[in-house]
$ cat query.cif   # mmCIF, C-alpha atoms (C1' of nucleotides)
data_target
#
loop_
_atom_site.label_atom_id
_atom_site.label_comp_id
_atom_site.auth_asym_id
_atom_site.auth_seq_id
_atom_site.Cartn_x
_atom_site.Cartn_y
_atom_site.Cartn_z
CA MET A 1 4.57 -7.05 23.15
CA PHE A 2 1.02 -7.68 21.92
CA LEU A 3 -0.93 -9.34 24.73
CA SER A 4 -4.47 -10.14 25.76
CA THR A 5 -7.69 -10.38 23.85
CA SER A 6 -10.24 -7.65 23.37
CA GLU A 7 -13.39 -7.25 21.38
CA HIS A 8 -14.28 -4.11 19.43
CA THR A 9 -16.96 -2.90 17.05
CA LEU A 10 -16.49 -2.59 13.31
CA ASP A 11 -18.65 0.40 12.32
CA SER A 12 -20.44 1.22 9.08
CA LYS A 13 -17.30 2.94 7.76
CA ASN A 14 -15.15 -0.13 8.38
CA ARG A 15 -13.41 1.51 11.30
CA VAL A 16 -12.48 -0.28 14.48
CA SER A 17 -10.74 1.00 17.59
CA ALA A 18 -7.35 -0.60 18.06
CA PRO A 19 -6.71 -1.69 21.64
CA ALA A 20 -5.04 1.19 23.46
CA ALA A 21 -2.24 -1.13 24.54
CA TYR A 22 -1.44 -1.92 20.90
CA ARG A 23 -1.23 1.77 20.06
CA ALA A 24 1.20 2.23 22.92
CA GLU A 25 3.17 -0.71 21.58
CA VAL A 26 3.95 1.00 18.27
CA ALA A 27 4.06 4.55 19.62
CA GLY A 28 7.83 4.61 19.22
CA ASP A 29 7.85 3.45 15.57
CA PRO A 30 8.88 5.93 12.86
CA HIS A 31 5.49 5.80 11.11
CA GLN A 32 3.44 4.54 13.98
CA GLY A 33 0.60 2.39 12.65
CA LEU A 34 -0.27 -1.28 12.39
CA TYR A 35 0.84 -3.50 9.50
CA VAL A 36 -1.85 -6.04 8.68
CA PHE A 37 -2.37 -8.80 6.10
CA PRO A 38 -4.82 -11.66 5.67
CA HIS A 39 -3.38 -14.99 6.75
CA PRO A 40 -2.46 -16.93 3.59
CA THR A 41 -4.59 -19.94 4.43
CA GLU A 42 -6.68 -19.24 7.53
CA GLY A 43 -9.65 -16.96 7.97
CA PHE A 44 -8.18 -14.19 10.08
CA LEU A 45 -5.85 -11.21 9.75
CA GLU A 46 -2.33 -11.09 11.05
CA GLY A 47 -0.74 -7.85 12.21
CA GLY A 48 2.12 -6.24 14.02
CA GLY A 49 4.30 -3.16 14.10
CA GLU A 50 7.06 -2.18 11.70
CA ALA A 51 9.28 -4.69 13.43
CA LEU A 52 7.09 -7.59 12.30
CA ILE A 53 7.07 -6.65 8.62
CA ALA A 54 10.78 -5.86 8.71
CA SER A 55 11.40 -9.27 10.23
CA TYR A 56 9.45 -11.01 7.45
CA LYS A 57 11.34 -8.99 4.88
CA ARG A 58 14.71 -9.98 6.36
CA LYS A 59 13.75 -13.62 6.60
CA LEU A 60 12.57 -13.74 3.00
CA ALA A 61 15.76 -12.01 1.88
CA ARG A 62 17.71 -15.09 2.92
CA LEU A 63 16.33 -16.87 -0.12
CA PRO A 64 17.53 -15.94 -3.63
CA VAL A 65 15.34 -13.30 -5.28
CA PHE A 66 14.20 -15.72 -7.96
CA ASP A 67 13.43 -18.62 -5.61
CA PRO A 68 9.78 -19.57 -6.22
CA ARG A 69 9.14 -19.95 -2.51
CA ARG A 70 10.47 -16.47 -1.84
CA ARG A 71 8.37 -15.03 -4.63
CA GLN A 72 5.26 -16.78 -3.41
CA LEU A 73 5.76 -15.70 0.19
CA GLU A 74 6.49 -12.12 -0.86
CA LEU A 75 3.23 -12.10 -2.77
CA LEU A 76 1.22 -13.54 0.10
CA ILE A 77 2.81 -11.45 2.86
CA LEU A 78 4.49 -8.26 1.60
CA GLY A 79 2.14 -7.98 -1.37
CA ALA A 80 -0.88 -8.39 0.88
CA ALA A 81 0.24 -6.26 3.82
CA ARG A 82 -1.03 -2.74 4.35
CA ARG A 83 -0.03 -0.09 6.81
CA LEU A 84 -3.10 1.07 8.70
CA ASP A 85 -2.66 4.39 10.47
CA PHE A 86 -4.63 5.46 13.49
CA ASP A 87 -7.12 8.29 13.29
CA ALA A 88 -7.20 10.94 16.00
CA THR A 89 -9.17 8.67 18.31
CA GLY A 90 -7.07 5.55 17.77
CA ARG A 91 -9.09 3.69 15.15
CA ILE A 92 -7.88 1.94 12.03
CA THR A 93 -9.92 1.49 8.85
CA LEU A 94 -9.93 -2.05 7.49
CA PRO A 95 -9.87 -2.48 3.70
CA LYS A 96 -12.97 -4.14 2.30
CA ASP A 97 -11.09 -7.16 0.96
CA PHE A 98 -9.56 -7.79 4.41
CA ILE A 99 -13.03 -7.77 5.93
CA GLU A 100 -14.21 -10.29 3.37
CA ARG A 101 -11.18 -12.54 3.68
CA ALA A 102 -11.58 -12.68 7.46
CA GLY A 103 -15.37 -12.87 7.39
CA LEU A 104 -15.65 -9.92 9.78
CA ASN A 105 -19.14 -9.10 10.79
CA GLY A 106 -19.54 -6.26 13.27
CA ARG A 107 -17.81 -7.72 16.30
CA VAL A 108 -14.07 -8.27 15.89
CA VAL A 109 -11.50 -9.63 18.30
CA PHE A 110 -7.85 -8.64 18.65
CA VAL A 111 -5.74 -11.54 19.93
CA GLY A 112 -2.22 -10.81 21.16
CA ARG A 113 0.49 -13.35 20.31
CA GLY A 114 3.67 -11.61 21.44
CA GLU A 115 5.49 -10.15 18.43
CA ARG A 116 2.28 -10.15 16.43
CA PHE A 117 -1.46 -10.22 16.87
CA GLU A 118 -4.48 -11.52 15.02
CA ILE A 119 -7.83 -10.01 14.12
CA TRP A 120 -10.72 -12.45 14.15
CA ASP A 121 -14.43 -12.35 13.63
CA ALA A 122 -15.85 -12.68 17.14
CA GLY A 123 -18.01 -15.68 16.27
CA ALA A 124 -15.18 -17.63 14.67
CA PHE A 125 -12.90 -16.75 17.53
CA ASP A 126 -15.33 -17.97 20.18
CA THR A 127 -15.48 -21.32 18.42
CA ALA A 128 -11.70 -21.56 18.15
CA LEU A 129 -11.29 -20.64 21.80
CA GLU A 130 -13.78 -23.28 22.90
CA GLU A 131 -11.94 -25.91 20.91
CA ALA A 132 -8.63 -24.84 22.41
CA ARG A 133 -10.09 -25.11 25.90
CA ALA A 134 -11.64 -28.47 25.18
CA GLY A 135 -8.26 -29.85 24.17
CA ALA A 136 -6.32 -28.11 26.91
CA ARG A 137 -6.23 -30.96 29.41
CA ALA A 138 -4.85 -33.41 26.88
CA LEU A 139 -2.31 -30.79 25.75
CA LEU A 140 -0.97 -30.21 29.22
CA GLU A 141 -0.61 -33.94 29.76
CA ASP A 142 1.47 -34.36 26.60
CA PRO A 143 4.99 -35.29 27.76
CA ALA A 144 6.61 -33.08 25.12
CA VAL A 145 4.59 -30.09 26.30
CA LEU A 146 5.33 -30.87 29.93
CA ASP A 147 8.98 -30.89 29.04
CA LEU A 148 8.70 -27.67 27.03
CA LEU A 149 6.98 -25.68 29.74
CA GLY A 150 8.57 -27.75 32.49
CA GLY A 151 11.19 -26.52 34.90
CA ASP A 152 12.28 -23.00 35.57
CA GLU A 153 14.86 -21.67 33.15
CA GLU A 154 18.54 -21.61 34.08
CA MET B 1 9.24 -0.21 1.83
CA PHE B 2 6.92 -1.07 -1.04
CA LEU B 3 3.93 -2.99 0.32
CA SER B 4 0.45 -4.05 -0.67
CA THR B 5 -1.22 -4.55 -4.00
CA SER B 6 -3.40 -2.07 -5.84
CA GLU B 7 -5.04 -1.89 -9.21
CA HIS B 8 -5.01 1.21 -11.40
CA THR B 9 -6.15 2.22 -14.86
CA LEU B 10 -3.81 2.69 -17.79
CA ASP B 11 -5.46 5.45 -19.84
CA SER B 12 -5.36 6.18 -23.56
CA LYS B 13 -2.23 8.30 -23.05
CA ASN B 14 -0.37 5.46 -21.33
CA ARG B 15 -0.60 7.18 -17.99
CA VAL B 16 -1.29 5.36 -14.74
CA SER B 17 -1.59 6.69 -11.20
CA ALA B 18 1.17 5.42 -8.97
CA PRO B 19 -0.09 4.27 -5.58
CA ALA B 20 0.07 7.22 -3.19
CA ALA B 21 2.05 5.11 -0.74
CA TYR B 22 4.73 4.47 -3.37
CA ARG B 23 5.02 8.17 -4.08
CA ALA B 24 5.50 8.77 -0.37
CA GLU B 25 8.16 6.08 -0.35
CA VAL B 26 10.40 7.96 -2.79
CA ALA B 27 9.43 11.45 -1.62
CA GLY B 28 12.79 11.81 0.08
CA ASP B 29 14.85 10.81 -2.97
CA PRO B 30 16.92 13.49 -4.74
CA HIS B 31 15.05 13.15 -8.05
CA GLN B 32 11.89 11.65 -6.72
CA GLY B 33 10.42 9.30 -9.32
CA LEU B 34 10.20 5.57 -9.96
CA TYR B 35 12.88 3.56 -11.75
CA VAL B 36 11.33 0.82 -13.87
CA PHE B 37 12.54 -1.85 -16.29
CA PRO B 38 10.98 -4.93 -17.90
CA HIS B 39 11.93 -8.15 -16.16
CA PRO B 40 14.57 -9.89 -18.32
CA THR B 41 12.62 -13.11 -18.66
CA GLU B 42 9.14 -12.72 -17.14
CA GLY B 43 6.15 -10.77 -18.37
CA PHE B 44 6.04 -7.93 -15.89
CA LEU B 45 7.90 -4.74 -15.01
CA GLU B 46 10.15 -4.34 -12.02
CA GLY B 47 10.56 -1.03 -10.26
CA GLY B 48 11.84 0.75 -7.21
CA GLY B 49 13.35 3.98 -5.97
CA GLU B 50 16.84 5.27 -6.51
CA ALA B 51 17.98 2.87 -3.83
CA LEU B 52 17.05 -0.14 -5.96
CA ILE B 53 18.99 0.96 -9.03
CA ALA B 54 21.95 1.98 -6.90
CA SER B 55 21.88 -1.46 -5.32
CA TYR B 56 21.93 -3.21 -8.72
CA LYS B 57 24.77 -0.96 -9.81
CA ARG B 58 26.82 -1.80 -6.72
CA LYS B 59 26.18 -5.51 -7.11
CA LEU B 60 27.20 -5.51 -10.77
CA ALA B 61 30.32 -3.55 -9.91
CA ARG B 62 31.60 -6.59 -8.05
CA LEU B 63 32.30 -8.19 -11.42
CA PRO B 64 35.14 -6.93 -13.62
CA VAL B 65 34.02 -4.40 -16.24
CA PHE B 66 34.96 -6.73 -19.07
CA ASP B 67 33.17 -9.76 -17.63
CA PRO B 68 30.56 -10.82 -20.23
CA ARG B 69 28.01 -11.57 -17.52
CA ARG B 70 28.39 -8.07 -16.12
CA ARG B 71 27.98 -6.59 -19.60
CA GLN B 72 24.89 -8.69 -20.22
CA LEU B 73 23.28 -7.81 -16.90
CA GLU B 74 24.06 -4.12 -17.36
CA LEU B 75 22.32 -4.26 -20.70
CA LEU B 76 19.26 -6.01 -19.33
CA ILE B 77 18.90 -3.96 -16.15
CA LEU B 78 20.68 -0.61 -16.26
CA GLY B 79 20.29 -0.33 -20.01
CA ALA B 80 16.59 -1.10 -19.85
CA ALA B 81 15.69 0.97 -16.81
CA ARG B 82 14.01 4.34 -17.13
CA ARG B 83 13.27 6.97 -14.56
CA LEU B 84 9.56 7.79 -14.66
CA ASP B 85 8.66 11.09 -13.02
CA PHE B 86 5.28 11.87 -11.56
CA ASP B 87 3.01 14.45 -13.13
CA ALA B 88 1.19 16.98 -10.97
CA THR B 89 -1.46 14.44 -10.00
CA GLY B 90 0.93 11.57 -9.24
CA ARG B 91 0.82 9.60 -12.49
CA ILE B 92 3.67 8.10 -14.46
CA THR B 93 3.66 7.55 -18.22
CA LEU B 94 4.74 4.08 -19.28
CA PRO B 95 6.85 3.77 -22.46
CA LYS B 96 5.15 1.82 -25.23
CA ASP B 97 7.76 -0.91 -25.30
CA PHE B 98 7.29 -1.51 -21.55
CA ILE B 99 3.55 -1.85 -22.09
CA GLU B 100 4.11 -4.40 -24.84
CA ARG B 101 6.71 -6.36 -22.93
CA ALA B 102 4.41 -6.66 -19.92
CA GLY B 103 1.26 -7.21 -21.98
CA LEU B 104 -0.51 -4.38 -20.18
CA ASN B 105 -4.08 -3.93 -21.18
CA GLY B 106 -6.00 -1.21 -19.37
CA ARG B 107 -6.02 -2.60 -15.85
CA VAL B 108 -2.59 -2.77 -14.22
CA VAL B 109 -1.56 -3.94 -10.77
CA PHE B 110 1.25 -2.65 -8.57
CA VAL B 111 2.62 -5.38 -6.27
CA GLY B 112 4.89 -4.43 -3.38
CA ARG B 113 7.80 -6.74 -2.57
CA GLY B 114 9.78 -4.77 0.00
CA GLU B 115 12.74 -3.08 -1.67
CA ARG B 116 11.09 -3.31 -5.05
CA PHE B 117 7.70 -3.62 -6.65
CA GLU B 118 6.28 -5.09 -9.81
CA ILE B 119 3.78 -3.86 -12.39
CA TRP B 120 1.57 -6.57 -13.86
CA ASP B 121 -1.32 -6.80 -16.23
CA ALA B 122 -4.34 -7.35 -13.99
CA GLY B 123 -5.43 -10.49 -15.78
CA ALA B 124 -2.04 -12.15 -15.55
CA PHE B 125 -1.72 -11.09 -11.93
CA ASP B 126 -5.07 -12.53 -10.94
CA THR B 127 -3.97 -15.88 -12.32
CA ALA B 128 -0.63 -15.74 -10.52
CA LEU B 129 -2.29 -14.76 -7.24
CA GLU B 130 -4.79 -17.59 -7.47
CA GLU B 131 -1.98 -20.05 -8.02
CA ALA B 132 -0.04 -18.65 -5.09
CA ARG B 133 -3.07 -18.97 -2.83
CA ALA B 134 -3.82 -22.46 -4.04
CA GLY B 135 -0.30 -23.54 -3.16
CA ALA B 136 -0.13 -21.65 0.11
CA ARG B 137 -1.02 -24.55 2.38
CA ALA B 138 1.65 -26.80 0.92
CA LEU B 139 4.14 -23.94 1.09
CA LEU B 140 3.51 -23.32 4.77
CA GLU B 141 3.96 -27.02 5.49
CA ASP B 142 7.34 -27.16 3.73
CA PRO B 143 9.96 -27.82 6.44
CA ALA B 144 12.40 -25.40 4.80
CA VAL B 145 9.80 -22.62 4.90
CA LEU B 146 8.82 -23.47 8.47
CA ASP B 147 12.45 -23.18 9.40
CA LEU B 148 12.86 -19.91 7.52
CA LEU B 149 9.85 -18.18 9.04
CA GLY B 150 9.98 -20.21 12.19
CA GLY B 151 11.68 -19.06 15.30
CA ASP B 152 11.90 -15.52 16.57
CA GLU B 153 15.03 -13.68 15.60
CA GLU B 154 17.55 -12.74 18.24
"C1'" DC C 1 -17.11 13.21 42.30
"C1'" DG C 2 -14.63 15.81 38.81
"C1'" DA C 3 -10.76 14.81 35.38
"C1'" DT C 4 -9.00 11.92 32.00
"C1'" DC C 5 -8.84 8.22 28.79
"C1'" DT C 6 -11.30 5.05 25.82
"C1'" DA C 7 -14.75 3.59 22.58
"C1'" DT C 8 -18.08 4.74 19.22
"C1'" DG C 9 -21.16 7.50 15.92
"C1'" DG C 10 -21.75 10.87 12.21
"C1'" DG C 11 -21.02 15.17 9.33
"C1'" DA C 12 -17.65 17.84 6.79
"C1'" DT C 13 -13.41 18.09 4.23
"C1'" DA C 14 -9.34 17.02 1.69
"C1'" DG C 15 -6.82 13.92 -1.12
"C1'" DC C 16 -6.74 10.42 -4.65
"C1'" DA C 17 -7.66 8.39 -9.09
"C1'" DT C 18 -9.14 9.41 -13.56
"C1'" DG C 19 -10.59 11.86 -17.90
"C1'" DG C 20 -9.91 15.31 -21.29
"C1'" DG C 21 -8.34 19.83 -23.43
"C1'" DA C 22 -4.61 23.13 -24.44
"C1'" DA C 23 0.14 24.23 -24.96
"C1'" DA C 24 4.82 22.98 -25.66
"C1'" DA C 25 8.37 20.08 -27.46
"C1'" DT C 26 9.96 16.87 -30.86
"C1'" DA C 27 10.19 14.64 -35.15
"C1'" DT C 28 9.42 14.36 -40.32
"C1'" DG C 29 9.36 15.99 -45.01
"C1'" DG C 30 10.08 19.36 -48.29
"C1'" DC D 1 15.26 26.64 -42.72
"C1'" DC D 2 10.39 26.36 -42.47
"C1'" DA D 3 5.78 23.87 -42.32
"C1'" DT D 4 3.23 20.24 -40.73
"C1'" DA D 5 2.26 16.19 -38.06
"C1'" DT D 6 2.87 13.72 -33.87
"C1'" DT D 7 4.01 13.10 -29.30
"C1'" DT D 8 4.60 14.69 -24.80
"C1'" DT D 9 3.76 17.67 -21.03
"C1'" DC D 10 1.02 20.74 -18.41
"C1'" DC D 11 -3.31 22.23 -16.57
"C1'" DC D 12 -8.06 21.95 -15.03
"C1'" DA D 13 -12.46 19.41 -13.82
"C1'" DT D 14 -14.99 15.65 -11.48
"C1'" DG D 15 -16.63 11.74 -8.67
"C1'" DC D 16 -15.40 8.96 -5.06
"C1'" DT D 17 -13.33 7.49 -0.89
"C1'" DA D 18 -10.75 8.01 3.05
"C1'" DT D 19 -9.48 11.04 6.49
"C1'" DC D 20 -10.23 14.70 9.69
"C1'" DC D 21 -12.92 16.79 13.13
"C1'" DC D 22 -16.44 17.20 16.55
"C1'" DA D 23 -19.82 15.15 19.80
"C1'" DT D 24 -21.39 11.73 23.13
"C1'" DA D 25 -21.11 8.24 26.49
"C1'" DG D 26 -19.03 5.00 29.45
"C1'" DA D 27 -15.03 3.56 32.26
"C1'" DT D 28 -11.15 4.42 35.27
"C1'" DC D 29 -8.56 6.77 38.59
"C1'" DG D 30 -7.14 9.47 41.89
#
$ encode --input "query.cif" --output "structure tokens"
Amino acid sequence: MFLSTSEHTLDSKNRVSAPAAYRAEVAGDPHQGLYVFPHPTEGFLEGGGEALIASYKRKLARLPVFDPRRRQLELLILGAARRLDFDATGRITLPKDFIERAGLNGRVVFVGRGERFEIWDAGAFDTALEEARAGARALLEDPAVLDLLGGDEE
Amino acid sequence: MFLSTSEHTLDSKNRVSAPAAYRAEVAGDPHQGLYVFPHPTEGFLEGGGEALIASYKRKLARLPVFDPRRRQLELLILGAARRLDFDATGRITLPKDFIERAGLNGRVVFVGRGERFEIWDAGAFDTALEEARAGARALLEDPAVLDLLGGDEE
DNA sequence: CGATCTATGGGATAGCATGGGAAAATATGG
DNA sequence: CCATATTTTCCCATGCTATCCCATAGATCG
């Protein structure tokens, strides 16, 4: 599972160290590496292991091949995704267009979200995190959320 | 799996470098090479490895041999498909009629879609990609799409 | 306090994409 | 059946980019 948040440096060759925990996460995969694509509408990158891409592929395969929604999603996800392999020291190299799409600028943040993770520009992420914190109290008082997180399971 | 999008040059001899990742994808096939045919109705080429053609063949075999729909589909897919082998530097040579059917004009784009990929004229692809991005927000708000991509799989 | 792992920087190297010439195969006409 | 024209295949050369490799420094852990 991809957890926690960590900041790393994007160097002049567009390389960035992947969090060691993420490398361990995909260490068992056949081609170990991270699969990454720019989010279709938001300004960050989404990533995961082979399992994530395979899951998208299976989900899209439920729609007929000629369904416009399937074709559009394939284009935005499978067509945009790239497998990024680790170098000997555990870094990945980000394609230039990914860097532009996500507005990355030196300091980048990896944010774990369970089955997947996100790569943000540090500045944009700080802003988003502040907003999330500012709204946290109201969120936790929302009856639907209370119910969702509520009692212990079983 | 065929992923990602990359642009290559169609030279004066109708040769174009196949993406290195696609070559790796079919490296294990008995006759390694790409199987390509013009889409029956749209202006691009569809391609894949041996697995793709074998899959079409199996699917068509579900219909009786004399079924007119089977005969028509065989003509449009199996009859149109060609195996394109790589030269020593990893290029394939596109037949002239494929180039005309897809309106290829110097710059061509390979688009990965999982089990298959497509070959587009760069100009036409840029337009299609822009449209897909423009409609992305609405797409991701579509309840059917939310449901499709939504929950984690078991 | 040494051993190991992680993060980062930079030079060297190998692979990829592309162009063009030479040789081989194929087609066309007599 | 041969001669010529055309197409296709093979081979080599080049610039560029990504990858490999080494070095350093800090952090972590017994």
$ atom_distance --input "query.cif" --atom1 "CA of Pro95 (chain B)" --atom2 "CA of Ala51 (chain B)"
21.7 Å
$ atom_distance --input "query.cif" --atom1 "CA of Asp97 (chain A)" --atom2 "CA of Ser55 (chain A)"
24.4 Å
$ interface_residues --input "query.cif" --of "chain A" --to "chain B" --cutoff "12 Å" --atoms "only C-alpha atoms" --output "count of residues only"
49
$ interface_residues --input "query.cif" --of "chain D" --to "chain A" --cutoff "10 Å" --atoms "all atoms listed in the file" --output "number ranges by chain"
D: 18-21
$ residues_around --input "query.cif" --residues "DG29 (chain C)" --least-positions-apart "2" --cutoff "12 Å" --atoms "all atoms listed in the file" --output "PDB file with C-alpha atoms (C1' of nucleotides), keeping the file's coordinate frame"
ATOM      1  C1'  DA C  27      10.190  14.640 -35.150  1.00  0.00           C
TER       2       DA C  27
ATOM      3  C1'  DC D   2      10.390  26.360 -42.470  1.00  0.00           C
ATOM      4  C1'  DA D   3       5.780  23.870 -42.320  1.00  0.00           C
ATOM      5  C1'  DT D   4       3.230  20.240 -40.730  1.00  0.00           C
ATOM      6  C1'  DA D   5       2.260  16.190 -38.060  1.00  0.00           C
TER       7       DA D   5
END
$ interface_residues --input "query.cif" --of "chain A" --to "chain C" --cutoff "12 Å" --atoms "only C-alpha atoms (C1' of nucleotides)" --output "list in words"
Glu7, His8, Thr9, Leu10, Asp11, Ser12, Lys13, Arg15, Val16, Ser17, Ala18, Pro19, Ala20, Ala21, Thr89, Gly90 and Arg91 of chain A
$ write_last_selection --input "query.cif" --atoms "C-alpha atoms" --output "PDB file, in the frame of the given file"
ATOM      1  CA  GLU A   7     -13.390  -7.250  21.380  1.00  0.00           C
ATOM      2  CA  HIS A   8     -14.280  -4.110  19.430  1.00  0.00           C
ATOM      3  CA  THR A   9     -16.960  -2.900  17.050  1.00  0.00           C
ATOM      4  CA  LEU A  10     -16.490  -2.590  13.310  1.00  0.00           C
ATOM      5  CA  ASP A  11     -18.650   0.400  12.320  1.00  0.00           C
ATOM      6  CA  SER A  12     -20.440   1.220   9.080  1.00  0.00           C
ATOM      7  CA  LYS A  13     -17.300   2.940   7.760  1.00  0.00           C
ATOM      8  CA  ARG A  15     -13.410   1.510  11.300  1.00  0.00           C
ATOM      9  CA  VAL A  16     -12.480  -0.280  14.480  1.00  0.00           C
ATOM     10  CA  SER A  17     -10.740   1.000  17.590  1.00  0.00           C
ATOM     11  CA  ALA A  18      -7.350  -0.600  18.060  1.00  0.00           C
ATOM     12  CA  PRO A  19      -6.710  -1.690  21.640  1.00  0.00           C
ATOM     13  CA  ALA A  20      -5.040   1.190  23.460  1.00  0.00           C
ATOM     14  CA  ALA A  21      -2.240  -1.130  24.540  1.00  0.00           C
ATOM     15  CA  THR A  89      -9.170   8.670  18.310  1.00  0.00           C
ATOM     16  CA  GLY A  90      -7.070   5.550  17.770  1.00  0.00           C
ATOM     17  CA  ARG A  91      -9.090   3.690  15.150  1.00  0.00           C
TER      18      ARG A  91
END
$ closest_residue --input "query.cif" --among "B:Gly49, B:Asp121, B:Pro64, B:Phe86" --to "DC10 (chain D)" --atoms "only C-alpha atoms (C1' of nucleotides)"
B:Phe86
$ atom_distance --input "query.cif" --atom1 "CA of Ile99 (chain B)" --atom2 "C1' of DT8 (chain D)"
16.8 Å
$ residues_around --input "query.cif" --residues "Gly123 (chain A)" --least-positions-apart "4" --cutoff "12 Å" --atoms "all atoms listed in the file" --output "list in words"
Glu7, Gly43, Phe44, Ala102, Gly103, Leu104, Asn105, Gly106, Arg107, Val108, Val109, Ile119, Thr127, Ala128, Leu129 and Glu130 of chain A
